[in-house]
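**Student:** My questions all concern the structure below.
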2 protein chains.
Amino acid sequence: MDKAPLFQKFVRFTTSVHQLTHEITMGVREDTITPLQYSILEYVAVTGLVTPSQISDCLYISLPNTSREIKKLVQKGLCEKYTAPEDRRMQYIRLTDQGEVMMNKAFATIEARFWERTGHMSTEELTEIEQAIELLESKVFHDRQPL
Amino acid sequence: MDKAPLFQKFVRFTTSVHQLTHEITMGVREDTITPLQYSILEYVAVTGLVTPSQISDCLYISLPNTSREIKKLVQKGLCEKYTAPEDRRMQYIRLTDQGEVMMNKAFATIEARFWERTGHMSTEELTEIEQAIELLESKVFHDRQPL
DNA sequence: TCCTTTACTTATCATTTGATAACAATATCA
DNA sequence: TGATATTGTTATCAAATGATAAGTAAAGGA
């Protein structure tokens, strides 16, 4: 079996995913926050309660810079921070109500654009898509143990 | 049919794709170029002959900034630029031999990491993956006509 | 020919992001 | 208890990127 075509398709595919992500998220970010701040809010929105270290590890932002951006988000009233009772070195970060509202609005726009693309499809087609996503997620794009 | 789970899976999946892209491309960029310059080189490498306008449109970089970065890449000897004979307003950009070497090295590292993940799989599994990629590419992540 | 549009360049400035050093507070472990 | 590791903060600086105005040159159309 010739393996080269699969890698080429993989590269083209990931490019398409990045491209679509860009299109589908165009303009959803309010101008009061920066792209980096948006990505942090997005992470907090989907993950729930998180620490600065987690954000730093998952988004590849240094801890000092993470701290700085969180501080700005707190100042803007989008996040709140409190000391973890079980380990007072740690801080828990979560969205404020205002932060929730902002992110819900963003996600709603994204979801609407997603269904613009896929809403017309039959149940069978949507099921196929769901299965394809699950297959790729589990076999290729899953997390790996760090060495 | 409840549609919400599909969107959730879509979001999780695109996050995984971005995550894997980050991991698999870690450190492949030489320190002599910036991330933005790398993304331009990558685009030129896969697309072949391109114009600044194309780069600007596809990578969402303003034309002035595209022009600036191309100039730097030319200075570093990674790209070359020449006036299109059929329309002398346009410039064609392509990689120099040195640019080719740099990008081939980068792609080789990325490919090696890709096969680290998938090389152990059976032909049937790889075929499944290929089909799933093709399905998603054609039904969800394809380009759309601009309005 | 003249006017308009297109493709690109140059210059400049502000903002965002990245990197690093130094520090404080708490927890862990010998 | 005292040394060490962990978690996070603050401050500072440099680099990368984004945005905009103004200009050049060529093409295309009235």
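So you can find residues: chains in the structure tokens are A, B, ... in the order shown, residues in each start at 1, and ligands are numbered from 1 in order.
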Write down, as an mmCIF file with N, CA and C atoms, in the first residue's frame, each residue of chain A that has any atom within 10 Å of an atom of chain B, counting only C-alpha atoms.

**Tutor:**
data_model
loop_
_atom_site.group_PDB
_atom_site.id
_atom_site.type_symbol
_atom_site.label_atom_id
_atom_site.label_comp_id
_atom_site.auth_asym_id
_atom_site.auth_seq_id
_atom_site.Cartn_x
_atom_site.Cartn_y
_atom_site.Cartn_z
ATOM 1 N N MET A 1 0.840 -1.208 0.000
ATOM 2 C CA MET A 1 0.000 0.000 0.000
ATOM 3 C C MET A 1 0.873 1.256 0.000
ATOM 4 N N LYS A 3 1.613 4.787 1.065
ATOM 5 C CA LYS A 3 1.145 5.573 2.205
ATOM 6 C C LYS A 3 1.133 7.079 1.964
ATOM 7 N N ALA A 4 1.881 7.531 0.995
ATOM 8 C CA ALA A 4 2.013 8.972 0.783
ATOM 9 C C ALA A 4 0.677 9.707 0.620
ATOM 10 N N PRO A 5 -0.278 9.181 -0.157
ATOM 11 C CA PRO A 5 -1.525 9.921 -0.371
ATOM 12 C C PRO A 5 -2.269 10.222 0.928
ATOM 13 N N LEU A 6 -2.224 9.312 1.876
ATOM 14 C CA LEU A 6 -2.936 9.545 3.127
ATOM 15 C C LEU A 6 -2.371 10.769 3.845
ATOM 16 N N PHE A 7 -1.061 10.857 3.885
ATOM 17 C CA PHE A 7 -0.466 12.016 4.541
ATOM 18 C C PHE A 7 -0.837 13.307 3.820
ATOM 19 N N GLN A 8 -0.821 13.258 2.494
ATOM 20 C CA GLN A 8 -1.228 14.454 1.741
ATOM 21 C C GLN A 8 -2.656 14.851 2.052
ATOM 22 N N LYS A 9 -3.524 13.841 2.115
ATOM 23 C CA LYS A 9 -4.924 14.144 2.432
ATOM 24 C C LYS A 9 -5.050 14.696 3.839
ATOM 25 N N PHE A 10 -4.264 14.139 4.733
ATOM 26 C CA PHE A 10 -4.257 14.627 6.117
ATOM 27 C C PHE A 10 -3.863 16.105 6.171
ATOM 28 N N VAL A 11 -2.831 16.464 5.448
ATOM 29 C CA VAL A 11 -2.380 17.861 5.443
ATOM 30 C C VAL A 11 -3.448 18.766 4.854
ATOM 31 N N ARG A 12 -3.994 18.348 3.712
ATOM 32 C CA ARG A 12 -5.034 19.167 3.083
ATOM 33 C C ARG A 12 -6.223 19.311 4.022
ATOM 34 N N PHE A 13 -6.570 18.207 4.666
ATOM 35 C CA PHE A 13 -7.724 18.216 5.565
ATOM 36 C C PHE A 13 -7.523 19.156 6.748
ATOM 37 N N THR A 14 -6.385 19.052 7.394
ATOM 38 C CA THR A 14 -6.158 19.939 8.537
ATOM 39 C C THR A 14 -6.171 21.399 8.093
ATOM 40 N N THR A 15 -5.645 21.667 6.905
ATOM 41 C CA THR A 15 -5.716 23.032 6.377
ATOM 42 C C THR A 15 -7.165 23.475 6.222
ATOM 43 N N SER A 16 -7.997 22.588 5.692
ATOM 44 C CA SER A 16 -9.417 22.915 5.529
ATOM 45 C C SER A 16 -10.078 23.181 6.866
ATOM 46 N N VAL A 17 -9.730 22.392 7.865
ATOM 47 C CA VAL A 17 -10.319 22.589 9.187
ATOM 48 C C VAL A 17 -9.940 23.959 9.739
ATOM 49 N N HIS A 18 -8.671 24.302 9.589
ATOM 50 C CA HIS A 18 -8.240 25.612 10.080
ATOM 51 C C HIS A 18 -8.950 26.729 9.323
ATOM 52 N N GLN A 19 -9.069 26.541 8.029
ATOM 53 C CA GLN A 19 -9.743 27.515 7.179
ATOM 54 C C GLN A 19 -11.198 27.708 7.616
ATOM 55 N N LEU A 20 -11.895 26.601 7.803
ATOM 56 C CA LEU A 20 -13.305 26.685 8.201
ATOM 57 C C LEU A 20 -13.441 27.306 9.590
ATOM 58 N N THR A 21 -12.555 26.924 10.497
ATOM 59 C CA THR A 21 -12.575 27.507 11.826
ATOM 60 C C THR A 21 -12.464 29.018 11.738
ATOM 61 N N HIS A 22 -11.577 29.455 10.872
ATOM 62 C CA HIS A 22 -11.399 30.895 10.714
ATOM 63 C C HIS A 22 -12.680 31.556 10.217
ATOM 64 N N TYR A 43 -11.550 28.570 26.301
ATOM 65 C CA TYR A 43 -11.078 27.414 27.042
ATOM 66 C C TYR A 43 -11.782 27.293 28.383
ATOM 67 N N VAL A 46 -15.496 26.095 27.938
ATOM 68 C CA VAL A 46 -15.767 24.677 27.681
ATOM 69 C C VAL A 46 -15.258 23.775 28.797
ATOM 70 N N CYS A 58 -2.298 24.015 28.352
ATOM 71 C CA CYS A 58 -3.145 23.620 27.231
ATOM 72 C C CYS A 58 -3.079 24.600 26.077
ATOM 73 N N LEU A 59 -2.893 25.858 26.368
ATOM 74 C CA LEU A 59 -2.882 26.859 25.293
ATOM 75 C C LEU A 59 -1.460 27.290 24.924
ATOM 76 N N TYR A 60 -0.466 26.691 25.577
ATOM 77 C CA TYR A 60 0.921 27.014 25.281
ATOM 78 C C TYR A 60 1.211 28.506 25.450
ATOM 79 N N PHE A 107 -20.737 31.500 20.829
ATOM 80 C CA PHE A 107 -21.018 30.112 20.449
ATOM 81 C C PHE A 107 -22.300 30.012 19.625
ATOM 82 N N ILE A 110 -21.490 30.861 16.119
ATOM 83 C CA ILE A 110 -20.737 29.771 15.503
ATOM 84 C C ILE A 110 -21.666 28.606 15.158
ATOM 85 N N GLU A 111 -22.549 28.285 16.099
ATOM 86 C CA GLU A 111 -23.458 27.165 15.850
ATOM 87 C C GLU A 111 -24.385 27.463 14.673
ATOM 88 N N ALA A 112 -24.881 28.690 14.605
ATOM 89 C CA ALA A 112 -25.757 29.051 13.480
ATOM 90 C C ALA A 112 -25.023 28.865 12.151
ATOM 91 N N PHE A 114 -22.553 26.874 11.600
ATOM 92 C CA PHE A 114 -22.361 25.441 11.387
ATOM 93 C C PHE A 114 -23.590 24.824 10.730
ATOM 94 N N TRP A 115 -24.786 25.173 11.238
ATOM 95 C CA TRP A 115 -26.011 24.595 10.687
ATOM 96 C C TRP A 115 -26.353 25.168 9.327
ATOM 97 N N ARG A 117 -24.267 25.319 7.071
ATOM 98 C CA ARG A 117 -23.553 24.394 6.201
ATOM 99 C C ARG A 117 -24.196 23.022 6.171
ATOM 100 N N THR A 118 -24.769 22.607 7.301
ATOM 101 C CA THR A 118 -25.128 21.196 7.439
ATOM 102 C C THR A 118 -26.616 20.990 7.686
ATOM 103 N N GLY A 119 -27.360 22.069 7.933
ATOM 104 C CA GLY A 119 -28.752 21.928 8.344
ATOM 105 C C GLY A 119 -29.643 21.292 7.294
ATOM 106 N N MET A 121 -29.011 18.813 5.465
ATOM 107 C CA MET A 121 -28.689 17.409 5.179
ATOM 108 C C MET A 121 -29.675 16.447 5.818
ATOM 109 N N THR A 123 -30.894 12.963 7.816
ATOM 110 C CA THR A 123 -30.450 12.325 9.054
ATOM 111 C C THR A 123 -29.323 11.327 8.780
ATOM 112 N N GLU A 125 -27.071 11.406 6.376
ATOM 113 C CA GLU A 125 -25.833 12.132 6.120
ATOM 114 C C GLU A 125 -25.214 12.650 7.414
ATOM 115 N N LEU A 126 -26.070 13.203 8.266
ATOM 116 C CA LEU A 126 -25.562 13.746 9.526
ATOM 117 C C LEU A 126 -24.962 12.642 10.390
ATOM 118 N N THR A 127 -25.608 11.465 10.345
ATOM 119 C CA THR A 127 -25.074 10.332 11.109
ATOM 120 C C THR A 127 -23.710 9.906 10.571
ATOM 121 N N GLU A 128 -23.599 9.878 9.257
ATOM 122 C CA GLU A 128 -22.300 9.566 8.635
ATOM 123 C C GLU A 128 -21.221 10.526 9.115
ATOM 124 N N ILE A 129 -21.581 11.802 9.111
ATOM 125 C CA ILE A 129 -20.626 12.827 9.528
ATOM 126 C C ILE A 129 -20.212 12.606 10.980
ATOM 127 N N GLU A 130 -21.207 12.347 11.815
ATOM 128 C CA GLU A 130 -20.927 12.120 13.233
ATOM 129 C C GLU A 130 -19.979 10.933 13.409
ATOM 130 N N GLN A 131 -20.236 9.862 12.662
ATOM 131 C CA GLN A 131 -19.386 8.672 12.784
ATOM 132 C C GLN A 131 -17.972 8.947 12.289
ATOM 133 N N ALA A 132 -17.877 9.715 11.199
ATOM 134 C CA ALA A 132 -16.549 10.035 10.673
ATOM 135 C C ALA A 132 -15.760 10.853 11.688
ATOM 136 N N ILE A 133 -16.439 11.813 12.322
ATOM 137 C CA ILE A 133 -15.780 12.619 13.353
ATOM 138 C C ILE A 133 -15.298 11.742 14.491
ATOM 139 N N GLU A 134 -16.173 10.825 14.930
ATOM 140 C CA GLU A 134 -15.784 9.961 16.047
ATOM 141 C C GLU A 134 -14.603 9.073 15.687
ATOM 142 N N LEU A 135 -14.623 8.557 14.463
ATOM 143 C CA LEU A 135 -13.518 7.704 14.031
ATOM 144 C C LEU A 135 -12.192 8.463 14.046
ATOM 145 N N LEU A 136 -12.185 9.636 13.438
ATOM 146 C CA LEU A 136 -10.938 10.401 13.360
ATOM 147 C C LEU A 136 -10.495 10.870 14.740
ATOM 148 N N GLU A 137 -11.455 11.283 15.530
ATOM 149 C CA GLU A 137 -11.124 11.729 16.889
ATOM 150 C C GLU A 137 -10.423 10.604 17.652
ATOM 151 N N SER A 138 -10.984 9.404 17.582
ATOM 152 C CA SER A 138 -10.433 8.309 18.389
ATOM 153 C C SER A 138 -9.139 7.753 17.804
ATOM 154 N N LYS A 139 -9.024 7.721 16.490
ATOM 155 C CA LYS A 139 -7.856 7.040 15.905
ATOM 156 C C LYS A 139 -6.701 7.969 15.564
ATOM 157 N N VAL A 140 -6.995 9.227 15.283
ATOM 158 C CA VAL A 140 -5.921 10.111 14.825
ATOM 159 C C VAL A 140 -5.731 11.329 15.728
ATOM 160 N N PHE A 141 -6.810 12.000 16.038
ATOM 161 C CA PHE A 141 -6.675 13.308 16.666
ATOM 162 C C PHE A 141 -6.827 13.290 18.185
ATOM 163 N N HIS A 142 -6.795 12.110 18.758
ATOM 164 C CA HIS A 142 -6.943 12.004 20.212
ATOM 165 C C HIS A 142 -5.689 12.508 20.913
ATOM 166 N N ASP A 143 -5.840 12.778 22.188
ATOM 167 C CA ASP A 143 -4.694 13.173 23.017
ATOM 168 C C ASP A 143 -3.754 11.996 23.180
ATOM 169 N N ARG A 144 -2.513 12.308 23.375
ATOM 170 C CA ARG A 144 -1.562 11.244 23.695
ATOM 171 C C ARG A 144 -0.919 11.507 25.032
#

**Student:** List every residue of chain B that DSSP, applied to the backbone of this structure, assigns to strand (DSSP E), and report them as a PyMOL selection string.

**Tutor:** chain B and resi 79-83+91-95

**Student:** Determine, counting only C-alpha atoms (C1' of nucleotides), which protein, DNA and RNA residues have an atom within 12 Å of an atom of DG23 in chain D; residues of the same chain fewer than 6 positions away are not included. Present the result as a PyMOL selection string.

**Tutor:** chain C and resi 8-11

**Student:** Counting only C-alpha atoms (C1' of nucleotides), collect the residues of chain A whose closest atom lies at most 8 Å from chain C, and write them out as a list in words.

**Tutor:**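 Output check: Thr34, Asp87, Arg88 and Arg89 of chain A.
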
**Student:** Those selected residues, please, written with N, CA and C atoms and delivered as a PDB file, in the first residue's frame.

**Tutor:**
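What follows is the written file result_6.pdb:
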ATOM      1  N   THR A  34      -8.758  40.778  23.205  1.00  0.00           N
ATOM      2  CA  THR A  34      -7.802  40.416  22.159  1.00  0.00           C
ATOM      3  C   THR A  34      -8.019  38.949  21.764  1.00  0.00           C
ATOM      4  N   ASP A  87      -5.654  23.827  48.256  1.00  0.00           N
ATOM      5  CA  ASP A  87      -4.247  24.152  48.053  1.00  0.00           C
ATOM      6  C   ASP A  87      -4.165  25.629  47.741  1.00  0.00           C
ATOM      7  N   ARG A  88      -3.759  26.371  48.752  1.00  0.00           N
ATOM      8  CA  ARG A  88      -3.900  27.821  48.617  1.00  0.00           C
ATOM      9  C   ARG A  88      -2.887  28.466  47.687  1.00  0.00           C
ATOM     10  N   ARG A  89      -1.993  27.641  47.067  1.00  0.00           N
ATOM     11  CA  ARG A  89      -1.153  28.201  46.006  1.00  0.00           C
ATOM     12  C   ARG A  89      -1.943  28.353  44.705  1.00  0.00           C
TER      13      ARG A  89
END

**Student:** Define the interface residues of chain A facing chain D as those within 9 Å, counting only C-alpha atoms (C1' of nucleotides), and report them as a CSV table (one decimal) with C-alpha atoms, in the first residue's frame.

**Tutor:**
chain,number,residue,atom,x,y,z
A,52,PRO,CA,-3.7,29.3,35.4
A,53,SER,CA,-1.3,26.4,35.1
A,63,LEU,CA,2.5,31.3,33.1
A,64,PRO,CA,3.5,34.9,33.5
A,67,SER,CA,-1.4,35.5,34.6
A,68,ARG,CA,-1.3,38.9,32.9
A,88,ARG,CA,-3.9,27.8,48.6
A,89,ARG,CA,-1.2,28.2,46.0
A,90,MET,CA,-3.7,27.5,43.3
A,91,GLN,CA,-6.2,29.8,41.8

**Student:** Would you compute the distance between CA of Val50 in chain B and CA of Leu95 in chain B? Give it in Å to one decimal.

**Tutor:**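 CA of Leu95 in chain B lies at a distance of 10.1 Å from CA of Val50 in chain B.
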
**Student:** For CA of Cys79 in chain B and CA of Gln37 in chain B, quote the distance in Å rounded to one decimal.

**Tutor:**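 We find that CA of Cys79 in chain B and CA of Gln37 in chain B lie 10.7 Å from each other.
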
**Student:** Pick out each residue of chain B that DSSP on the backbone tags as alpha helix (DSSP H); I need them as a count of residues only.

**Tutor:** 94
